[in-house]
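Student: This is start-v2.cif, which holds mmCIF, C-alpha atoms (C1' of nucleotides):
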```cif
data_coords
loop_
_atom_site.label_atom_id
_atom_site.label_comp_id
_atom_site.auth_asym_id
_atom_site.auth_seq_id
_atom_site.Cartn_x
_atom_site.Cartn_y
_atom_site.Cartn_z
CA MET X 1 -5.67 17.72 7.13
CA GLU X 2 -8.88 17.01 5.35
CA SER X 3 -10.67 14.80 7.83
CA SER X 4 -12.63 16.13 10.76
CA PHE X 5 -10.96 13.48 12.87
CA ALA X 6 -7.57 15.02 12.28
CA ILE X 7 -8.94 18.48 12.92
CA ILE X 8 -10.30 17.66 16.35
CA ALA X 9 -7.18 15.76 17.29
CA GLU X 10 -5.61 19.06 18.27
CA PRO X 11 -6.47 20.06 21.86
CA ASN X 12 -6.48 23.80 21.24
CA ARG X 13 -8.87 23.38 18.37
CA ARG X 14 -11.16 21.30 20.54
CA ALA X 15 -11.05 24.06 23.12
CA ILE X 16 -11.99 26.64 20.52
CA LEU X 17 -14.84 24.54 19.23
CA LYS X 18 -16.12 23.90 22.71
CA LEU X 19 -16.05 27.60 23.45
CA LEU X 20 -17.89 28.40 20.24
CA ALA X 21 -20.45 25.74 21.05
CA SER X 22 -21.71 27.90 23.89
CA SER X 23 -21.81 31.04 21.77
CA GLU X 24 -20.07 32.76 18.94
CA GLN X 25 -16.92 34.73 19.75
CA SER X 26 -14.52 37.14 18.15
CA VAL X 27 -10.88 36.23 17.72
CA GLY X 28 -9.89 38.51 20.56
CA GLU X 29 -12.40 36.95 22.90
CA ILE X 30 -11.10 33.50 22.12
CA GLU X 31 -7.58 34.73 22.61
CA ARG X 32 -8.34 36.07 26.06
CA ARG X 33 -10.58 33.29 27.26
CA LEU X 34 -8.30 30.49 26.21
CA ARG X 35 -5.18 32.46 27.01
CA MET X 36 -3.46 31.56 23.81
CA PRO X 37 -1.44 33.75 21.44
CA GLN X 38 -3.48 35.61 18.85
CA THR X 39 -1.40 34.29 16.02
CA SER X 40 -2.07 30.78 17.17
CA VAL X 41 -5.80 31.38 17.47
CA SER X 42 -5.93 32.78 13.96
CA LYS X 43 -4.07 29.85 12.54
CA HIS X 44 -6.29 27.31 14.23
CA LEU X 45 -9.36 29.20 13.11
CA ARG X 46 -8.09 29.06 9.58
CA VAL X 47 -7.78 25.29 9.77
CA LEU X 48 -11.22 25.03 11.29
CA ARG X 49 -12.70 27.31 8.67
CA GLU X 50 -11.15 25.45 5.77
CA ALA X 51 -12.47 22.21 7.19
CA GLY X 52 -15.92 23.73 7.42
CA LEU X 53 -16.16 23.45 11.18
CA VAL X 54 -16.58 27.16 11.74
CA GLU X 55 -17.56 30.17 9.73
CA SER X 56 -16.99 33.83 10.28
CA ARG X 57 -18.90 37.04 10.01
CA VAL X 58 -17.31 40.45 9.74
CA GLU X 59 -18.30 43.05 12.27
CA ALA X 60 -16.32 46.26 11.99
CA GLN X 61 -12.69 45.27 12.38
CA ARG X 62 -13.65 42.10 14.19
CA ARG X 63 -14.34 38.68 12.84
CA VAL X 64 -16.91 36.77 14.77
CA TYR X 65 -16.69 33.02 14.50
CA ARG X 66 -19.41 30.48 14.99
CA ILE X 67 -19.82 26.74 14.79
CA ARG X 68 -20.73 24.92 11.61
CA PRO X 69 -21.83 21.57 13.00
CA GLU X 70 -22.19 19.53 9.84
CA PRO X 71 -18.70 18.04 9.63
CA LEU X 72 -18.96 16.74 13.17
CA LYS X 73 -21.80 14.55 12.05
CA GLU X 74 -19.22 12.42 10.33
CA VAL X 75 -17.53 11.76 13.64
CA ASP X 76 -20.82 11.11 15.32
CA ALA X 77 -21.76 8.66 12.60
CA TRP X 78 -18.45 6.86 12.88
CA LEU X 79 -19.03 6.32 16.57
CA ASP X 80 -22.29 4.59 15.90
CA PRO X 81 -21.04 1.01 15.63
CA PHE X 82 -19.41 1.39 19.02
CA ARG X 83 -22.39 2.73 20.87
CA ARG X 84 -23.85 -0.73 21.13
CA PHE X 85 -20.91 -1.56 23.36
CA TRP X 86 -21.91 0.85 26.05
CA SER X 87 -25.49 1.82 25.42
CA ALA X 88 -28.67 -0.14 25.44
CA HIS X 89 -28.49 -3.77 26.40
CA VAL X 90 -25.45 -4.17 28.53
CA ASP X 91 -26.45 -7.73 29.21
CA ALA X 92 -25.80 -8.95 25.72
CA LEU X 93 -22.46 -7.25 25.70
CA GLU X 94 -21.44 -8.74 29.00
CA ARG X 95 -22.38 -12.17 27.88
CA HIS X 96 -20.39 -11.55 24.77
CA LEU X 97 -17.30 -10.44 26.67
CA GLU X 98 -17.57 -13.20 29.19
CA ARG X 99 -17.78 -15.77 26.48
CA MET X 100 -14.63 -14.37 25.01
CA GLU X 101 -12.79 -14.33 28.32
CA MET X 102 -13.86 -17.86 29.17
CA GLU X 103 -11.76 -19.32 26.45
CA GLU X 104 -8.48 -18.23 28.01
CA GLY X 105 -7.34 -16.30 31.04
CA PRO X 106 -8.32 -12.68 31.05
CA ASP X 107 -5.92 -10.45 29.16
CA GLY X 108 -4.05 -13.27 27.77
CA LYS X 109 -0.72 -12.88 29.52
CA GLY X 110 -1.14 -16.40 30.81
CA LYS X 111 1.29 -19.01 29.53
CA GLY X 112 -1.79 -21.10 29.20
CA LYS X 113 -1.30 -24.72 28.50
CA MET M 1 -0.44 10.23 21.74
CA GLU M 2 -2.42 9.94 24.89
CA SER M 3 -5.76 11.23 23.74
CA SER M 4 -8.32 9.07 22.01
CA PHE M 5 -8.87 11.92 19.59
CA ALA M 6 -5.34 11.65 18.32
CA ILE M 7 -5.61 7.89 18.12
CA ILE M 8 -8.64 7.88 15.88
CA ALA M 9 -7.20 10.61 13.71
CA GLU M 10 -5.36 7.90 11.80
CA PRO M 11 -7.47 6.35 9.02
CA ASN M 12 -5.97 2.88 9.26
CA ARG M 13 -6.62 2.78 12.97
CA ARG M 14 -10.20 3.79 12.39
CA ALA M 15 -10.47 0.98 9.88
CA ILE M 16 -9.11 -1.50 12.39
CA LEU M 17 -11.49 -0.32 15.08
CA LYS M 18 -14.40 -0.48 12.73
CA LEU M 19 -13.50 -4.00 11.77
CA LEU M 20 -13.17 -5.04 15.37
CA ALA M 21 -16.49 -3.45 16.13
CA SER M 22 -18.17 -6.16 14.13
CA SER M 23 -16.22 -8.95 15.78
CA GLU M 24 -12.86 -9.77 17.27
CA GLN M 25 -10.07 -10.66 14.87
CA SER M 26 -6.55 -11.99 14.87
CA VAL M 27 -3.70 -9.92 13.52
CA GLY M 28 -3.53 -12.03 10.40
CA GLU M 29 -7.22 -11.60 9.73
CA ILE M 30 -6.93 -7.86 10.04
CA GLU M 31 -3.91 -7.93 7.79
CA ARG M 32 -5.78 -9.78 5.07
CA ARG M 33 -9.08 -8.01 5.35
CA LEU M 34 -7.65 -4.53 5.33
CA ARG M 35 -4.87 -5.45 2.95
CA MET M 36 -2.23 -3.73 4.97
CA PRO M 37 1.28 -4.91 5.85
CA GLN M 38 1.51 -7.04 8.96
CA THR M 39 4.15 -4.83 10.47
CA SER M 40 1.85 -1.87 10.08
CA VAL M 41 -1.08 -3.68 11.61
CA SER M 42 1.00 -4.68 14.60
CA LYS M 43 2.21 -1.17 15.13
CA HIS M 44 -1.24 0.32 14.98
CA LEU M 45 -2.52 -2.35 17.30
CA ARG M 46 0.19 -1.46 19.75
CA VAL M 47 -0.90 2.15 19.74
CA LEU M 48 -4.52 1.16 20.13
CA ARG M 49 -3.69 -1.21 22.94
CA GLU M 50 -1.63 1.31 24.86
CA ALA M 51 -4.45 3.79 24.54
CA GLY M 52 -6.85 1.21 25.90
CA LEU M 53 -8.96 1.05 22.78
CA VAL M 54 -8.37 -2.63 22.20
CA GLU M 55 -7.19 -5.58 24.20
CA SER M 56 -5.79 -8.89 23.16
CA ARG M 57 -6.19 -12.49 24.06
CA VAL M 58 -3.65 -15.17 23.25
CA GLU M 59 -4.85 -18.18 21.32
CA ALA M 60 -2.05 -20.53 20.41
CA GLN M 61 0.38 -18.48 18.35
CA ARG M 62 -2.29 -15.98 17.49
CA ARG M 63 -3.33 -12.83 19.26
CA VAL M 64 -6.97 -12.08 18.98
CA TYR M 65 -7.88 -8.45 19.39
CA ARG M 66 -11.16 -6.98 20.50
CA ILE M 67 -12.62 -3.57 21.19
CA ARG M 68 -12.41 -1.85 24.54
CA PRO M 69 -15.09 0.77 24.11
CA GLU M 70 -14.52 2.89 27.22
CA PRO M 71 -12.08 5.43 25.79
CA LEU M 72 -14.43 6.21 22.94
CA LYS M 73 -16.93 7.44 25.47
CA GLU M 74 -14.71 10.43 25.91
CA VAL M 75 -15.14 11.31 22.26
CA ASP M 76 -18.84 10.69 22.44
CA ALA M 77 -19.11 12.93 25.49
CA TRP M 78 -17.14 15.67 23.82
CA LEU M 79 -19.56 15.67 20.93
CA ASP M 80 -22.46 16.27 23.23
CA PRO M 81 -22.50 20.07 23.21
CA PHE M 82 -22.65 19.97 19.42
CA ARG M 83 -25.51 17.55 19.07
CA ARG M 84 -28.02 20.23 19.87
CA PHE M 85 -26.94 21.88 16.63
CA TRP M 86 -28.15 19.10 14.43
CA SER M 87 -30.59 17.12 16.51
CA ALA M 88 -34.21 17.88 17.02
CA HIS M 89 -35.88 20.55 14.99
CA VAL M 90 -33.88 22.99 13.03
CA ASP M 91 -36.10 25.88 13.98
CA ALA M 92 -34.78 26.10 17.47
CA LEU M 93 -31.27 26.11 16.16
CA GLU M 94 -31.95 28.92 13.79
CA ARG M 95 -33.52 30.99 16.48
CA HIS M 96 -30.52 30.23 18.62
CA LEU M 97 -28.08 31.38 15.98
CA GLU M 98 -30.04 34.50 15.35
CA ARG M 99 -30.10 35.27 19.02
CA MET M 100 -26.34 34.89 19.17
CA GLU M 101 -25.90 37.27 16.31
CA MET M 102 -28.08 39.79 18.08
CA GLU M 103 -26.05 39.78 21.22
CA GLU M 104 -22.81 41.61 21.36
CA GLY M 105 -21.20 38.89 23.43
CA PRO M 106 -21.97 37.98 27.01
CA ASP M 107 -18.35 38.64 27.75
CA GLY M 108 -18.72 41.87 29.62
CA LYS M 109 -15.24 42.56 28.45
CA GLY M 110 -16.89 44.94 26.07
CA LYS M 111 -15.08 48.20 25.67
CA GLY M 112 -18.14 49.93 26.62
CA LYS M 113 -20.10 51.56 24.06
"C1'" DC H 1 -2.77 61.08 6.82
"C1'" DT H 2 -1.09 58.86 11.09
"C1'" DT H 3 -1.88 55.99 14.73
"C1'" DT H 4 -4.19 52.37 16.97
"C1'" DT H 5 -6.84 48.20 17.12
"C1'" DA H 6 -8.01 43.60 15.25
"C1'" DT H 7 -6.80 39.82 12.62
"C1'" DA H 8 -4.16 37.25 9.13
"C1'" DT H 9 0.08 35.44 6.93
"C1'" DG H 10 4.90 34.05 6.08
"C1'" DC H 11 9.11 31.96 7.57
"C1'" DC H 12 11.61 28.84 10.33
"C1'" DT H 13 12.59 25.33 13.60
"C1'" DT H 14 11.38 21.38 15.98
"C1'" DG H 15 9.22 17.27 17.04
"C1'" DA H 16 5.99 13.60 16.18
"C1'" DC H 17 4.52 10.00 13.60
"C1'" DA H 18 3.52 6.76 9.64
"C1'" DG H 19 5.53 3.57 6.41
"C1'" DG H 20 8.92 0.22 4.75
"C1'" DA H 21 12.38 -3.33 5.26
"C1'" DA H 22 14.76 -6.31 8.00
"C1'" DT H 23 14.92 -8.76 12.00
"C1'" DA H 24 13.66 -10.56 16.62
"C1'" DT H 25 10.59 -13.23 19.59
"C1'" DG H 26 7.74 -16.91 20.58
"C1'" DA H 27 4.79 -20.69 19.97
"C1'" DT H 28 3.81 -25.09 17.02
"C1'" DT H 29 4.83 -29.11 14.57
"C1'" DG H 30 7.63 -32.83 12.97
"C1'" DC Q 1 16.48 -30.33 17.52
"C1'" DA Q 2 15.09 -27.71 13.00
"C1'" DA Q 3 11.64 -25.65 10.32
"C1'" DT Q 4 7.64 -22.89 10.15
"C1'" DC Q 5 4.00 -19.85 11.32
"C1'" DA Q 6 2.24 -15.63 13.75
"C1'" DT Q 7 3.26 -11.44 15.67
"C1'" DA Q 8 6.23 -7.81 17.62
"C1'" DT Q 9 10.12 -4.65 17.50
"C1'" DT Q 10 14.00 -1.87 15.74
"C1'" DC Q 11 16.04 1.35 12.62
"C1'" DC Q 12 15.66 4.63 9.09
"C1'" DT Q 13 13.52 8.16 6.41
"C1'" DG Q 14 10.25 11.53 4.69
"C1'" DT Q 15 6.44 14.28 5.70
"C1'" DC Q 16 3.68 17.30 7.95
"C1'" DA Q 17 1.95 20.16 11.37
"C1'" DA Q 18 2.32 23.27 15.61
"C1'" DG Q 19 4.46 27.12 17.86
"C1'" DG Q 20 7.06 31.41 18.02
"C1'" DC Q 21 8.21 35.62 15.97
"C1'" DA Q 22 7.97 39.16 12.84
"C1'" DT Q 23 5.25 41.34 9.69
"C1'" DA Q 24 1.29 42.38 6.52
"C1'" DT Q 25 -3.45 43.83 5.86
"C1'" DA Q 26 -7.46 46.34 7.01
"C1'" DA Q 27 -10.68 48.97 9.47
"C1'" DA Q 28 -11.48 52.74 12.90
"C1'" DA Q 29 -10.26 56.84 15.40
"C1'" DG Q 30 -7.85 61.09 15.96
#
```
Would you write the structure of this file as structure tokens?
Tutor:
Amino acid sequence: MESSFAIIAEPNRRAILKLLASSEQSVGEIERRLRMPQTSVSKHLRVLREAGLVESRVEAQRRVYRIRPEPLKEVDAWLDPFRRFWSAHVDALERHLERMEMEEGPDGKGKGK
Amino acid sequence: MESSFAIIAEPNRRAILKLLASSEQSVGEIERRLRMPQTSVSKHLRVLREAGLVESRVEAQRRVYRIRPEPLKEVDAWLDPFRRFWSAHVDALERHLERMEMEEGPDGKGKGK
DNA sequence: CTTTTATATGCCTTGACAGGAATATGATTG
DNA sequence: CAATCATATTCCTGTCAAGGCATATAAAAG
């Protein structure tokens, strides 16, 4: 479960991260807002913490969690090579795709001959 | 396995996508370049195809695969709320974090005090 | 100290999924 | 047609992670 990619593959963890992106929250707040069992929240927070995606601060009996954004940079960086496909010059991409489709019917199901 | 997040959680699939990001490739080319068993490549390609992350074109007995970038936009969009944490100047972020620590939580759920 | 509140941990079951080997499908060439 | 090349699919197995439940830890309040 090392990689950030695996961490954010889990929908509940994404929900937690998204919530924390707006502002830090205690476990109980997360529990109530996302309507998920406390035990489940704690376990996901543990995974997130060990992966460095969140960190916690103790406040009385509560633990307040907040985002640690660094690991997400890895994901952002990985996306980079794909951004050219949808950002910037769409023209070049379209020409590229059209060239590829020219060679055979679109989507290849064709028995082409 | 619907979500793109789950799809890219797998390292070999990320490798395939990355390779295809540079240019389209046949199954055999992927097999050789990534040094992974053909059966494995085919299976990952199936997953990627069903998730809409790649599409294939038939060329004689070969299937040439290429990127379909759209689904990755979802991932890119999800990252958006976190970008503010690392983009721009760090000062603003620090002030932001400090502000959050100050507040007791905008929740209103507060057990009064 | 006892009780209550807040959070964490352990155990167990279940399901999903990756990998490997063998095989099936399908197109190409002779 | 048979032989061959390229890719897909099936079956099996091991692993790993998520969810539920009970329980442990720890701080606060009475």
Student: Show me, as CSV, the residues of chain X having an atom within 12 Å of chain H, each with the closest atom pair and its distance in Å, using only C-alpha atoms (C1' of nucleotides).
Tutor:
```
residue,atom,partner,partner_atom,distance
X:Ser26,CA,H:DA6,C1',9.6
X:Val27,CA,H:DT7,C1',7.5
X:Gly28,CA,H:DA6,C1',7.6
X:Glu29,CA,H:DA6,C1',11.0
X:Glu31,CA,H:DT7,C1',11.2
X:Pro37,CA,H:DT7,C1',12.0
X:Gln38,CA,H:DT7,C1',8.2
X:Thr39,CA,H:DA8,C1',8.0
X:Ser40,CA,H:DA8,C1',10.5
X:Val41,CA,H:DT7,C1',9.8
X:Ser42,CA,H:DA8,C1',6.8
X:Lys43,CA,H:DA8,C1',8.1
X:His44,CA,H:DA8,C1',11.4
X:Leu45,CA,H:DA8,C1',10.4
X:Arg46,CA,H:DA8,C1',9.1
X:Val58,CA,H:DT7,C1',10.9
X:Glu59,CA,H:DA6,C1',10.7
X:Ala60,CA,H:DA6,C1',9.3
X:Gln61,CA,H:DA6,C1',5.7
X:Arg62,CA,H:DA6,C1',5.9
X:Arg63,CA,H:DT7,C1',7.6
X:Val64,CA,H:DT7,C1',10.8
X:Lys111,CA,H:DA27,C1',10.3
X:Gly112,CA,H:DA27,C1',11.3
X:Lys113,CA,H:DA27,C1',11.2
```
Student: Taking all atoms listed in the file into account, report as a PyMOL selection string which residues of chain M lie within 6 Å of chain X.
Tutor: chain M and resi 5-6+9+57-58
Student: In Å, with one decimal, what is the gap from C1' of DA24 in chain Q to CA of Arg35 in chain X?
Tutor: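 The value is 23.7 Å.
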Student: Written as a list in words, which residues does the PyMOL selection byres ((chain Q) within 8 of (chain X)) give for the file shown?
Tutor: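 Checked against the file, the PyMOL selection byres ((chain Q) within 8 of (chain X)) matches DG19, DA26, DA27 and DA28 of chain Q.
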Student: State, in Å with one decimal place, the distance from CA of Val54 in chain M to C1' of DT10 in chain Q.
Tutor: 23.3 Å
Student: Figure out the distance between CA of Glu50 in chain X and CA of Ala15 in chain X, please, to one decimal in Å.
Tutor: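 CA of Ala15 in chain X sits 17.4 Å away from CA of Glu50 in chain X.
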